[in-house]
file model.cif (mmCIF, C-alpha atoms)
data_run
loop_
_atom_site.label_atom_id
_atom_site.label_comp_id
_atom_site.auth_asym_id
_atom_site.auth_seq_id
_atom_site.Cartn_x
_atom_site.Cartn_y
_atom_site.Cartn_z
CA MET A 7 9.70 -23.81 -12.56
CA VAL A 8 11.79 -23.84 -9.38
CA ARG A 9 11.76 -27.32 -7.79
CA ASP A 10 13.28 -26.30 -4.47
CA ARG A 11 10.49 -26.29 -1.88
CA LYS A 12 12.46 -23.89 0.28
CA PHE A 13 11.86 -21.19 -2.34
CA TYR A 14 8.07 -21.47 -2.00
CA ARG A 15 8.20 -21.80 1.77
CA THR A 16 10.35 -18.66 2.04
CA ILE A 17 8.06 -16.57 -0.16
CA LEU A 18 4.99 -17.70 1.77
CA ARG A 19 6.72 -17.13 5.12
CA LEU A 20 7.57 -13.57 4.09
CA SER A 21 4.27 -12.87 2.36
CA LEU A 22 1.49 -14.31 4.49
CA PRO A 23 2.08 -12.02 7.50
CA ALA A 24 2.20 -9.02 5.14
CA ALA A 25 -1.00 -10.19 3.43
CA PHE A 26 -2.62 -10.57 6.83
CA GLN A 27 -1.46 -7.08 7.77
CA SER A 28 -2.91 -5.64 4.56
CA ALA A 29 -6.18 -7.45 5.16
CA VAL A 30 -6.44 -6.12 8.69
CA ASN A 31 -5.59 -2.57 7.61
CA LEU A 32 -8.31 -2.74 4.98
CA LEU A 33 -10.74 -4.27 7.46
CA VAL A 34 -10.01 -1.41 9.87
CA VAL A 35 -10.85 1.14 7.17
CA MET A 36 -13.87 -0.92 6.15
CA ALA A 37 -15.03 -1.08 9.78
CA ASP A 38 -14.80 2.72 9.96
CA ASN A 39 -16.82 3.06 6.76
CA VAL A 40 -19.48 0.48 7.64
CA MET A 41 -19.92 1.74 11.21
CA VAL A 42 -20.11 5.42 10.32
CA THR A 43 -22.81 4.74 7.72
CA ARG A 44 -25.06 4.08 10.72
CA THR A 45 -24.55 7.65 11.96
CA GLY A 46 -25.94 9.59 8.98
CA LYS A 47 -26.26 9.73 5.21
CA ASN A 48 -23.18 11.94 4.69
CA ALA A 49 -20.84 10.08 7.03
CA LEU A 50 -19.57 7.52 4.48
CA SER A 51 -18.70 10.20 1.93
CA ALA A 52 -16.93 12.33 4.56
CA VAL A 53 -14.83 9.50 5.99
CA ALA A 54 -14.11 7.81 2.65
CA GLN A 55 -12.82 10.98 1.00
CA SER A 56 -10.84 11.99 4.08
CA ASN A 57 -9.25 8.56 3.97
CA ALA A 58 -8.15 9.30 0.40
CA VAL A 59 -5.58 11.59 2.01
CA THR A 60 -4.68 8.92 4.58
CA THR A 61 -4.35 6.31 1.83
CA PHE A 62 -1.90 8.58 0.02
CA VAL A 63 0.22 9.00 3.16
CA THR A 64 0.11 5.26 3.92
CA ALA A 65 1.19 4.30 0.40
CA ALA A 66 3.98 6.88 0.40
CA LEU A 67 5.32 5.63 3.75
CA THR A 68 5.16 2.04 2.54
CA GLY A 69 7.10 3.01 -0.57
CA LEU A 70 9.75 4.90 1.37
CA SER A 71 10.34 1.96 3.70
CA THR A 72 10.23 -0.57 0.86
CA GLY A 73 12.89 1.44 -0.93
CA ALA A 74 15.26 0.58 1.90
CA VAL A 75 14.30 -3.11 1.60
CA VAL A 76 15.85 -3.15 -1.89
CA LEU A 77 19.23 -2.32 -0.34
CA ILE A 78 18.76 -4.24 2.90
CA SER A 79 17.78 -7.53 1.23
CA GLN A 80 20.89 -7.47 -0.95
CA TYR A 81 23.14 -6.62 2.02
CA TRP A 82 21.36 -9.39 3.91
CA GLY A 83 22.53 -11.75 1.18
CA LYS A 84 26.09 -10.56 1.91
CA LYS A 85 25.51 -10.74 5.72
CA ASP A 86 26.67 -7.13 6.11
CA GLY A 87 24.83 -6.08 9.30
CA SER A 88 26.76 -2.83 9.76
CA ARG A 89 25.64 -1.40 6.42
CA ILE A 90 22.09 -2.63 7.03
CA ARG A 91 21.90 -0.60 10.25
CA THR A 92 23.15 2.49 8.43
CA VAL A 93 20.50 2.11 5.72
CA CYS A 94 17.89 1.63 8.48
CA ALA A 95 18.83 5.02 9.95
CA VAL A 96 18.26 6.73 6.60
CA ALA A 97 14.89 5.06 5.98
CA PHE A 98 13.69 5.79 9.52
CA THR A 99 14.56 9.50 9.17
CA VAL A 100 12.87 9.81 5.77
CA CYS A 101 9.62 8.18 6.96
CA VAL A 102 9.37 10.34 10.10
CA LEU A 103 10.06 13.60 8.22
CA PHE A 104 7.45 12.76 5.60
CA ALA A 105 4.84 11.98 8.27
CA LEU A 106 5.50 15.28 10.06
CA LEU A 107 5.11 17.17 6.77
CA ALA A 108 1.79 15.42 6.06
CA ILE A 109 0.47 16.18 9.56
CA GLY A 110 1.44 19.83 9.21
CA LEU A 111 -0.42 20.21 5.91
CA ALA A 112 -3.52 18.40 7.21
CA GLU A 113 -3.64 20.53 10.38
CA LEU A 114 -2.97 23.88 8.67
CA PHE A 115 -5.04 23.43 5.50
CA PRO A 116 -7.71 20.76 6.19
CA ARG A 117 -10.55 22.47 4.36
CA ALA A 118 -8.41 23.15 1.29
CA LEU A 119 -7.40 19.49 1.14
CA LEU A 120 -10.97 18.31 1.55
CA LYS A 121 -12.27 20.62 -1.18
CA LEU A 122 -9.87 18.87 -3.54
CA VAL A 123 -11.46 15.47 -2.97
CA ILE A 124 -15.06 16.56 -2.28
CA ASN A 125 -17.24 18.65 -4.57
CA GLY A 126 -17.43 22.19 -3.15
CA GLY A 127 -21.23 22.06 -3.36
CA GLU A 128 -21.36 19.19 -0.86
CA THR A 129 -20.99 21.53 2.13
CA ALA A 130 -22.55 19.09 4.60
CA VAL A 131 -20.05 16.40 3.62
CA ILE A 132 -17.11 18.81 3.88
CA ASP A 133 -18.22 20.06 7.31
CA LEU A 134 -18.46 16.49 8.56
CA ALA A 135 -15.05 15.62 7.10
CA MET A 136 -13.58 18.63 8.95
CA GLU A 137 -14.39 16.78 12.18
CA TYR A 138 -12.48 13.70 11.00
CA LEU A 139 -9.32 14.67 9.06
CA PRO A 140 -7.61 17.00 11.63
CA ILE A 141 -7.82 14.19 14.21
CA VAL A 142 -7.02 11.14 12.08
CA CYS A 143 -3.93 12.83 10.59
CA LEU A 144 -2.26 12.50 14.02
CA SER A 145 -2.04 8.76 13.32
CA TYR A 146 0.49 9.42 10.54
CA LEU A 147 3.47 9.65 12.91
CA PRO A 148 2.98 6.29 14.67
CA LEU A 149 2.14 4.86 11.24
CA ALA A 150 5.52 6.12 9.97
CA LEU A 151 7.35 4.43 12.86
CA THR A 152 5.52 1.16 12.25
CA SER A 153 6.01 1.24 8.46
CA ALA A 154 9.75 1.91 8.79
CA MET A 155 10.43 -0.77 11.40
CA VAL A 156 8.24 -3.47 9.82
CA GLY A 157 9.72 -2.77 6.38
CA LEU A 158 13.27 -2.95 7.69
CA LEU A 159 12.64 -6.22 9.51
CA LYS A 160 11.14 -7.69 6.36
CA GLY A 161 14.42 -7.02 4.56
CA VAL A 162 16.18 -9.40 6.98
CA GLU A 163 13.38 -11.98 6.75
CA VAL A 164 11.76 -11.19 10.11
CA VAL A 165 7.99 -10.98 9.63
CA ARG A 166 6.37 -12.53 12.70
CA VAL A 167 5.80 -9.16 14.38
CA THR A 168 3.33 -8.33 11.64
CA LEU A 169 0.95 -10.96 12.97
CA TYR A 170 1.03 -9.45 16.46
CA THR A 171 0.56 -5.85 15.36
CA THR A 172 -2.28 -6.54 12.95
CA ILE A 173 -4.28 -8.55 15.48
CA LEU A 174 -3.81 -5.77 18.04
CA SER A 175 -4.76 -3.08 15.52
CA LEU A 176 -7.89 -4.92 14.37
CA PHE A 177 -9.39 -5.56 17.79
CA ALA A 178 -8.36 -2.19 19.19
CA ASN A 179 -9.82 -0.23 16.30
CA ILE A 180 -13.09 -2.12 16.05
CA GLY A 181 -13.58 -2.09 19.83
CA LEU A 182 -12.78 1.62 20.11
CA ASN A 183 -15.02 2.35 17.12
CA TYR A 184 -17.92 0.62 18.83
CA VAL A 185 -17.38 2.58 22.03
CA LEU A 186 -16.54 6.01 20.62
CA ILE A 187 -18.72 6.21 17.49
CA PHE A 188 -21.95 5.08 19.13
CA GLY A 189 -21.27 6.07 22.74
CA HIS A 190 -21.01 3.01 25.00
CA LEU A 191 -19.49 2.34 28.43
CA GLY A 192 -20.74 5.70 29.63
CA LEU A 193 -18.93 7.71 26.93
CA PRO A 194 -20.70 10.17 24.60
CA ALA A 195 -21.45 9.22 20.98
CA LEU A 196 -18.80 11.04 18.94
CA GLY A 197 -19.72 9.88 15.43
CA VAL A 198 -16.96 10.45 12.86
CA ARG A 199 -14.75 12.07 15.49
CA GLY A 200 -14.93 8.83 17.47
CA ALA A 201 -13.79 6.88 14.39
CA ALA A 202 -10.80 9.22 14.01
CA ILE A 203 -9.82 8.98 17.69
CA ALA A 204 -10.09 5.18 17.56
CA THR A 205 -7.72 5.07 14.59
CA VAL A 206 -5.13 7.28 16.34
CA ILE A 207 -5.17 5.16 19.53
CA ALA A 208 -4.93 1.91 17.56
CA ARG A 209 -1.91 3.23 15.60
CA LEU A 210 -0.18 4.29 18.83
CA LEU A 211 -0.66 0.84 20.34
CA GLU A 212 0.58 -0.78 17.15
CA ALA A 213 3.72 1.41 17.00
CA GLY A 214 4.49 0.72 20.66
CA LEU A 215 4.36 -3.03 20.15
CA VAL A 216 6.58 -2.87 17.05
CA TRP A 217 9.07 -0.62 18.86
CA VAL A 218 9.50 -3.16 21.70
CA TYR A 219 9.82 -6.05 19.25
CA PHE A 220 12.27 -4.18 17.01
CA PHE A 221 14.71 -3.21 19.75
CA ARG A 222 14.17 -5.81 22.47
CA VAL A 223 12.88 -9.09 21.02
CA GLN A 224 14.15 -9.85 17.50
CA LYS A 225 17.75 -11.08 17.23
CA ALA A 226 18.28 -11.26 13.46
CA LEU A 227 19.58 -7.69 13.36
CA PRO A 228 20.84 -6.43 16.76
CA ILE A 229 20.03 -2.71 16.81
CA ALA A 230 19.58 0.06 19.39
CA PRO A 231 17.55 3.31 19.15
CA LYS A 232 20.78 5.34 18.95
CA ASP A 233 21.71 3.44 15.77
CA LEU A 234 18.82 5.18 13.99
CA THR A 235 20.64 8.50 14.40
CA LYS A 236 23.88 7.29 12.81
CA SER A 237 23.33 7.69 9.09
CA GLU A 238 26.25 8.18 6.72
CA GLY A 239 26.70 9.97 3.41
CA TRP A 240 27.13 6.81 1.34
CA ALA A 241 23.82 5.44 2.69
CA TRP A 242 21.94 8.61 1.74
CA GLN A 243 23.55 8.47 -1.69
CA ASP A 244 22.66 4.82 -2.28
CA TYR A 245 19.15 5.28 -0.89
CA ALA A 246 18.62 8.22 -3.25
CA ARG A 247 19.93 6.20 -6.19
CA TYR A 248 18.32 2.80 -5.62
CA GLY A 249 15.81 3.08 -2.77
CA LEU A 250 14.22 6.47 -3.34
CA PRO A 251 12.95 5.53 -6.83
CA VAL A 252 10.86 2.85 -5.09
CA GLY A 253 9.56 5.40 -2.60
CA LEU A 254 8.91 7.93 -5.35
CA THR A 255 7.14 5.30 -7.42
CA ASP A 256 4.73 4.45 -4.60
CA ALA A 257 4.43 8.09 -3.52
CA GLN A 258 3.69 9.43 -6.99
CA TRP A 259 1.30 6.56 -7.64
CA ALA A 260 -0.40 7.33 -4.34
CA LEU A 261 -0.63 10.95 -5.52
CA VAL A 262 -2.14 9.73 -8.80
CA ASN A 263 -4.72 7.79 -6.77
CA LEU A 264 -5.42 10.90 -4.71
CA LEU A 265 -5.99 12.90 -7.88
CA LYS A 266 -8.25 10.16 -9.19
CA ALA A 267 -10.22 10.58 -5.97
CA VAL A 268 -10.32 14.32 -6.75
CA ILE A 269 -11.86 13.61 -10.16
CA LEU A 270 -14.40 11.13 -8.79
CA GLY A 271 -15.15 13.41 -5.83
CA GLN A 272 -16.23 16.20 -8.17
CA MET A 273 -18.86 13.88 -9.70
CA GLY A 274 -21.07 13.97 -6.60
CA LYS A 275 -21.97 12.01 -3.51
CA MET A 276 -23.35 8.92 -5.31
CA MET A 277 -20.09 8.47 -7.21
CA ILE A 278 -18.07 8.97 -4.01
CA ASP A 279 -20.03 6.28 -2.17
CA ALA A 280 -19.96 3.80 -5.07
CA ALA A 281 -16.25 4.37 -5.67
CA SER A 282 -15.39 3.90 -1.98
CA VAL A 283 -17.12 0.50 -1.98
CA THR A 284 -15.48 -0.49 -5.28
CA ASP A 285 -12.04 0.64 -4.12
CA MET A 286 -12.39 -1.40 -0.96
CA ILE A 287 -13.14 -4.72 -2.68
CA MET A 288 -10.53 -4.05 -5.38
CA ASN A 289 -7.96 -3.45 -2.64
CA LEU A 290 -9.01 -6.67 -0.94
CA GLY A 291 -8.59 -8.38 -4.31
CA THR A 292 -4.98 -7.23 -4.63
CA MET A 293 -3.76 -7.37 -1.02
CA PHE A 294 -2.41 -10.94 -1.28
CA THR A 295 -0.84 -10.12 -4.64
CA PHE A 296 1.14 -7.15 -3.33
CA ALA A 297 2.14 -9.01 -0.16
CA LEU A 298 3.37 -11.97 -2.20
CA ALA A 299 5.24 -9.61 -4.52
CA GLY A 300 6.92 -8.04 -1.49
CA GLY A 301 8.09 -11.47 -0.38
CA ALA A 302 9.36 -12.19 -3.88
CA CYS A 303 11.30 -8.89 -3.78
CA VAL A 304 13.25 -10.05 -0.71
CA VAL A 305 13.96 -13.51 -2.17
CA VAL A 306 15.14 -12.10 -5.50
CA GLY A 307 17.17 -9.35 -3.81
CA LYS A 308 18.93 -11.85 -1.56
CA ALA A 309 19.86 -14.00 -4.58
CA VAL A 310 21.22 -10.93 -6.39
CA GLY A 311 23.27 -10.02 -3.30
CA GLU A 312 24.74 -13.53 -3.39
CA LYS A 313 25.54 -12.98 -7.12
CA ASP A 314 23.69 -16.15 -8.14
CA TYR A 315 22.19 -14.65 -11.31
CA LYS A 316 21.18 -17.98 -12.84
CA ARG A 317 19.01 -18.60 -9.79
CA VAL A 318 17.60 -15.06 -10.06
CA ARG A 319 16.37 -15.73 -13.60
CA GLU A 320 14.91 -19.07 -12.54
CA TYR A 321 13.07 -17.37 -9.68
CA ALA A 322 11.72 -14.73 -12.07
CA GLY A 323 10.19 -17.27 -14.43
CA THR A 324 8.51 -19.19 -11.61
CA ILE A 325 7.15 -16.04 -9.94
CA GLN A 326 5.48 -14.92 -13.18
CA ILE A 327 3.70 -18.25 -13.61
CA MET A 328 2.58 -18.28 -9.97
CA PHE A 329 1.07 -14.81 -10.20
CA LEU A 330 -0.75 -15.51 -13.45
CA GLY A 331 -2.68 -18.26 -11.69
CA ILE A 332 -3.36 -16.06 -8.66
CA GLY A 333 -4.71 -13.32 -10.95
CA MET A 334 -7.24 -15.67 -12.52
CA VAL A 335 -8.51 -16.77 -9.11
CA MET A 336 -8.83 -13.22 -7.74
CA CYS A 337 -10.57 -11.98 -10.88
CA ALA A 338 -13.28 -14.66 -10.57
CA LEU A 339 -13.60 -14.21 -6.79
CA VAL A 340 -14.10 -10.44 -6.85
CA PHE A 341 -16.66 -10.70 -9.65
CA ALA A 342 -18.62 -13.38 -7.76
CA LEU A 343 -18.65 -11.37 -4.50
CA ARG A 344 -19.63 -7.98 -5.96
CA ARG A 345 -23.25 -8.02 -4.76
CA PRO A 346 -22.76 -9.60 -1.31
CA PHE A 347 -19.92 -7.18 -0.59
CA ALA A 348 -21.83 -4.06 -1.68
CA SER A 349 -24.78 -5.14 0.47
CA LEU A 350 -22.62 -4.68 3.60
CA TYR A 351 -23.00 -0.92 3.16
CA GLN A 352 -26.26 0.95 3.66
CA LEU A 353 -26.52 2.23 0.08
CA ASP A 354 -29.62 3.41 -1.72
CA ALA A 355 -30.76 1.40 -4.74
CA ASP A 356 -29.08 3.59 -7.38
CA THR A 357 -25.74 3.70 -5.57
CA PHE A 358 -25.86 -0.07 -4.97
CA ALA A 359 -26.49 -0.71 -8.68
CA LEU A 360 -23.64 1.61 -9.68
CA ALA A 361 -21.22 0.02 -7.21
CA THR A 362 -21.94 -3.54 -8.36
CA LYS A 363 -21.60 -2.50 -12.01
CA MET A 364 -18.25 -0.80 -11.36
CA ILE A 365 -16.95 -3.81 -9.44
CA GLY A 366 -18.03 -6.17 -12.21
CA ILE A 367 -16.30 -4.13 -14.93
CA CYS A 368 -13.07 -3.59 -13.02
CA ALA A 369 -12.73 -7.12 -11.65
CA PHE A 370 -11.27 -8.17 -14.97
CA THR A 371 -8.41 -5.68 -14.61
CA LEU A 372 -7.10 -7.75 -11.68
CA LEU A 373 -5.48 -10.23 -14.06
CA GLY A 374 -3.17 -7.54 -15.45
CA THR A 375 -2.60 -6.02 -12.01
CA THR A 376 -1.50 -9.33 -10.53
CA TYR A 377 0.95 -10.13 -13.31
CA HIS A 378 2.68 -6.76 -13.50
CA ALA A 379 2.85 -6.58 -9.68
CA SER A 380 4.81 -9.84 -9.69
CA CYS A 381 7.28 -8.29 -12.11
CA PHE A 382 7.58 -4.67 -11.00
CA ILE A 383 7.17 -5.03 -7.23
CA GLY A 384 8.65 -8.49 -6.84
CA ILE A 385 11.25 -9.19 -9.52
CA ASN A 386 12.42 -5.80 -10.84
CA ARG A 387 12.63 -4.09 -7.44
CA GLY A 388 14.40 -7.01 -5.82
CA ALA A 389 16.89 -7.11 -8.69
CA GLY A 390 17.70 -3.40 -8.32
CA ASP A 391 15.71 -2.26 -11.39
CA SER A 392 13.56 0.23 -9.48
CA ARG A 393 14.26 3.19 -11.77
CA PHE A 394 12.63 1.46 -14.72
CA VAL A 395 9.55 0.72 -12.62
CA MET A 396 9.39 4.37 -11.54
CA VAL A 397 9.50 5.64 -15.14
CA VAL A 398 6.78 3.24 -16.30
CA ASP A 399 4.48 4.14 -13.41
CA MET A 400 4.99 7.86 -13.93
CA ILE A 401 4.22 7.67 -17.65
CA CYS A 402 1.14 5.51 -17.13
CA GLY A 403 -0.20 7.62 -14.27
CA TRP A 404 0.47 11.15 -15.45
CA LEU A 405 0.25 10.78 -19.23
CA VAL A 406 -2.48 8.14 -19.55
CA VAL A 407 -4.69 7.55 -16.52
CA LEU A 408 -5.21 11.08 -15.18
CA PRO A 409 -5.74 12.85 -18.55
CA LEU A 410 -8.06 10.12 -19.81
CA SER A 411 -10.09 10.08 -16.58
CA ALA A 412 -10.44 13.88 -16.51
CA VAL A 413 -11.51 14.05 -20.16
CA ALA A 414 -13.97 11.17 -19.69
CA ALA A 415 -15.52 12.82 -16.60
CA PHE A 416 -15.63 16.51 -17.50
CA ALA A 417 -15.37 16.81 -21.30
CA LEU A 418 -17.02 13.70 -22.71
CA HIS A 419 -19.35 13.15 -19.71
CA PHE A 420 -18.99 9.37 -19.76
CA PRO A 421 -21.25 7.30 -17.49
CA PRO A 422 -19.85 6.97 -13.95
CA ALA A 423 -18.86 3.30 -14.38
CA ALA A 424 -16.93 4.13 -17.56
CA VAL A 425 -15.09 6.96 -15.80
CA TYR A 426 -14.09 4.63 -12.99
CA PHE A 427 -12.80 2.11 -15.53
CA CYS A 428 -10.64 4.87 -17.03
CA THR A 429 -8.95 5.28 -13.64
CA ARG A 430 -7.77 1.66 -13.95
CA VAL A 431 -7.19 1.43 -17.69
CA ASP A 432 -3.40 1.15 -17.31
CA GLN A 433 -3.88 -2.23 -15.62
CA CYS A 434 -4.96 -3.56 -19.02
CA PHE A 435 -1.63 -2.92 -20.76
CA LYS A 436 1.09 -2.44 -18.13
CA TRP A 437 1.60 -6.20 -17.95
CA ILE A 438 2.88 -6.17 -21.56
CA ILE A 439 5.66 -3.74 -20.59
CA ALA A 440 6.55 -5.91 -17.60
CA PHE A 441 6.70 -9.05 -19.74
CA LEU A 442 8.99 -7.46 -22.34
CA ARG A 443 11.35 -5.99 -19.72
CA LEU A 444 12.13 -9.40 -18.28
CA ARG A 445 13.08 -10.95 -21.63
CA GLY A 446 16.71 -9.72 -21.38
CA ASN A 447 19.17 -9.24 -18.54
CA LYS A 448 19.18 -5.44 -18.12
CA TRP A 449 16.91 -5.70 -15.07
CA ILE A 450 19.50 -7.55 -12.91
CA LYS A 451 21.56 -4.96 -11.03
CA ASN A 452 23.65 -5.65 -7.93
CA VAL A 453 23.44 -2.39 -5.91
CA THR A 454 25.59 -3.40 -2.91
CA ARG A 455 28.97 -1.88 -2.10
#
call {"tool": "encode", "arguments": {"input": "model.cif", "output": "structure tokens"}}
result
Amino acid sequence: MVRDRKFYRTILRLSLPAAFQSAVNLLVVMADNVMVTRTGKNALSAVAQSNAVTTFVTAALTGLSTGAVVLISQYWGKKDGSRIRTVCAVAFTVCVLFALLAIGLAELFPRALLKLVINGGETAVIDLAMEYLPIVCLSYLPLALTSAMVGLLKGVEVVRVTLYTTILSLFANIGLNYVLIFGHLGLPALGVRGAAIATVIARLLEAGLVWVYFFRVQKALPIAPKDLTKSEGWAWQDYARYGLPVGLTDAQWALVNLLKAVILGQMGKMMIDAASVTDMIMNLGTMFTFALAGGACVVVGKAVGEKDYKRVREYAGTIQIMFLGIGMVMCALVFALRRPFASLYQLDADTFALATKMIGICAFTLLGTTYHASCFIGINRGAGDSRFVMVVDMICGWLVVLPLSAVAAFALHFPPAAVYFCTRVDQCFKWIIAFLRLRGNKWIKNVTR
């Protein structure tokens, strides 16, 4: 175990704002879901499945920006600000282009996208979702700007802005939801369209605040807007080699999650509602884990950039022990809160019973999730071993989880709770792969020039 208190303080300083941001983002989605349930029986299904598309875009953008953090954190260890700014320009461009592509697809083919994640027979749900997705997709561009800038600042250990943006986003979204969904302050009640408009406005406010902080307030990395247009060939090459695998890992895993939503969406409205509640509490159960792993990535990456490999291995051992304890706590907490949490939603008796059963079964997968997140997201990525993580995630997602879930749902006709467990079955064995990978030294790779 690392005895230096600075190590723990640094990880917590980097992680807590990110955990708070994740919590607020989930609370914003949860507020949408809980509030729209008051507007009609199909509203939760429509918004939840539309947000499956938004969740995919959010995860992909996070991955693309985090890919740059792998390079930035190691250059930060070398104090090479010039190369950091060049990598920033590449990451910023990639995030914006991806967001524009996602908006174009959602605007041109909204019904086709929705029919993927909602059973075609649920016409009322699809019609309601058509009011939500074409509006909420406009939030993807400001989300891309925020994700890129916050991710880049995290690479140079600047995280305070996250606290400001998340507080703004939370109060703006909930307040606008209250006004626009139900029609207050003299405005008409817009239902699900009001929820979508509220999300877009909140994301614009959030991006504006981050933009000012990024270019005017923070001093760790002096940068101007024109610097984001000055990318160079070597930066694109290094991002493609070391950063893009991180982005592809998160993007393809987000696509796997979208396809899991497709499978569950074809099982009917009750499964959609139960899965949306289960997904929400499972995400809450892992938000601190992933935030802490992101902080560990920066700490490990900085040590690799300084070429202190003995300290890197010491950090890795301590991080694994820390996360094992966190996993035990989160597993017990989610299981204990399954009924109170499900009761927040206006579910009928059968859907409530299904949701609590699914949460209870899947809570135990959090132990494996927490441990392998500490390795793959924290240690391996920070040490430059992102390609290995990408390969493992692709094999688990495309060759195990999706085929097994599809067969369980449509060929073997497993009970709904068993099908949902199949969508998380990889969490039960991926930790073994992570443990074995860290036994040697192949995972330590200095990727700086």
call {"tool": "residues_around", "arguments": {"input": "model.cif", "residues": "segment 32-42 of chain A", "least_positions_apart": "2", "cutoff": "7 Å", "atoms": "all atoms listed in the file", "output": "list in words"}}
result
Ser28, Ala29, Val30, Arg44, Thr45, Ala49, Leu50, Val53, Ala54, Leu176, Asn179, Ile180, Gly197, Val198, Ala201 and Tyr351 of chain A
call {"tool": "closest_residue", "arguments": {"input": "model.cif", "among": "A:Asp256, A:Asp354, A:Asp233, A:Asp432", "to": "Leu70 of chain A", "atoms": "only C-alpha atoms"}}
result
A:Asp256
call {"tool": "resolve_selection", "arguments": {"input": "model.cif", "expression": "the PyMOL selection byres ((chain A and resi 376) around 8)", "output": "NGL selection string"}}
result
:A and (292 or 295-296 or 329-330 or 332-333 or 372-375 or 377-380)
call {"tool": "closest_residue", "arguments": {"input": "model.cif", "among": "A:Leu339, A:Val218, A:Cys368, A:Val304", "to": "Leu77 of chain A", "atoms": "all atoms listed in the file"}}
result
A:Val304
call {"tool": "atom_distance", "arguments": {"input": "model.cif", "atom1": "atom CA of Cys101 of chain A", "atom2": "atom CA of Ala150 of chain A"}}
result
5.5 Å
call {"tool": "resolve_selection", "arguments": {"input": "model.cif", "expression": "the PyMOL selection byres ((chain A and resi 221-232) around 8)", "output": "NGL selection string"}}
result
:A and (87 or 91 or 162 or 164 or 217-220 or 233-236)
call {"tool": "residues_around", "arguments": {"input": "model.cif", "residues": "Val413 of chain A", "least_positions_apart": "3", "cutoff": "12 Å", "atoms": "all atoms listed in the file", "output": "JSON, numbers by chain"}}
result
{"A": [269, 406, 407, 408, 409, 410, 416, 417, 418, 419, 420, 424, 425, 428, 429]}
call {"tool": "resolve_selection", "arguments": {"input": "model.cif", "expression": "the PyMOL selection byres ((chain A and resi 382-396) around 7)", "output": "PyMOL selection string"}}
result
chain A and resi 76+248+251-252+255+299-300+302-304+306-307+310+322+378-381+397-400+440+449-453
call {"tool": "write_last_selection", "arguments": {"input": "model.cif", "atoms": "C-alpha atoms", "output": "PDB file, in the coordinates of the input"}}
result
ATOM      1  CA  VAL A  76      15.850  -3.150  -1.890  1.00  0.00           C
ATOM      2  CA  TYR A 248      18.320   2.800  -5.620  1.00  0.00           C
ATOM      3  CA  PRO A 251      12.950   5.530  -6.830  1.00  0.00           C
ATOM      4  CA  VAL A 252      10.860   2.850  -5.090  1.00  0.00           C
ATOM      5  CA  THR A 255       7.140   5.300  -7.420  1.00  0.00           C
ATOM      6  CA  ALA A 299       5.240  -9.610  -4.520  1.00  0.00           C
ATOM      7  CA  GLY A 300       6.920  -8.040  -1.490  1.00  0.00           C
ATOM      8  CA  ALA A 302       9.360 -12.190  -3.880  1.00  0.00           C
ATOM      9  CA  CYS A 303      11.300  -8.890  -3.780  1.00  0.00           C
ATOM     10  CA  VAL A 304      13.250 -10.050  -0.710  1.00  0.00           C
ATOM     11  CA  VAL A 306      15.140 -12.100  -5.500  1.00  0.00           C
ATOM     12  CA  GLY A 307      17.170  -9.350  -3.810  1.00  0.00           C
ATOM     13  CA  VAL A 310      21.220 -10.930  -6.390  1.00  0.00           C
ATOM     14  CA  ALA A 322      11.720 -14.730 -12.070  1.00  0.00           C
ATOM     15  CA  HIS A 378       2.680  -6.760 -13.500  1.00  0.00           C
ATOM     16  CA  ALA A 379       2.850  -6.580  -9.680  1.00  0.00           C
ATOM     17  CA  SER A 380       4.810  -9.840  -9.690  1.00  0.00           C
ATOM     18  CA  CYS A 381       7.280  -8.290 -12.110  1.00  0.00           C
ATOM     19  CA  VAL A 397       9.500   5.640 -15.140  1.00  0.00           C
ATOM     20  CA  VAL A 398       6.780   3.240 -16.300  1.00  0.00           C
ATOM     21  CA  ASP A 399       4.480   4.140 -13.410  1.00  0.00           C
ATOM     22  CA  MET A 400       4.990   7.860 -13.930  1.00  0.00           C
ATOM     23  CA  ALA A 440       6.550  -5.910 -17.600  1.00  0.00           C
ATOM     24  CA  TRP A 449      16.910  -5.700 -15.070  1.00  0.00           C
ATOM     25  CA  ILE A 450      19.500  -7.550 -12.910  1.00  0.00           C
ATOM     26  CA  LYS A 451      21.560  -4.960 -11.030  1.00  0.00           C
ATOM     27  CA  ASN A 452      23.650  -5.650  -7.930  1.00  0.00           C
ATOM     28  CA  VAL A 453      23.440  -2.390  -5.910  1.00  0.00           C
TER      29      VAL A 453
END
call {"tool": "atom_distance", "arguments": {"input": "model.cif", "atom1": "atom CA of Arg19 of chain A", "atom2": "atom CA of Glu163 of chain A"}}
result
8.6 Å
call {"tool": "atom_distance", "arguments": {"input": "model.cif", "atom1": "atom CA of Leu144 of chain A", "atom2": "atom CA of Val206 of chain A"}}
result
6.4 Å
call {"tool": "residues_near_point", "arguments": {"input": "model.cif", "point": "(-2.6, 6.9, 1.2)", "cutoff": "10 Å", "atoms": "only C-alpha atoms", "output": "PyMOL selection string"}}
result
chain A and resi 57-68+256-257+259-261+263-264
call {"tool": "residues_around", "arguments": {"input": "model.cif", "residues": "Gly366 of chain A", "least_positions_apart": "5", "cutoff": "10 Å", "atoms": "only C-alpha atoms", "output": "list in words"}}
result
Thr284, Cys337, Ala338, Val340, Phe341, Ala342, Leu343, Arg344, Arg345, Leu360, Ala361, Thr371 and Ala423 of chain A
call {"tool": "closest_residue", "arguments": {"input": "model.cif", "among": "A:Val100, A:Leu442, A:Ile109, A:Ala369", "to": "Leu254 of chain A", "atoms": "all atoms listed in the file"}}
result
A:Val100
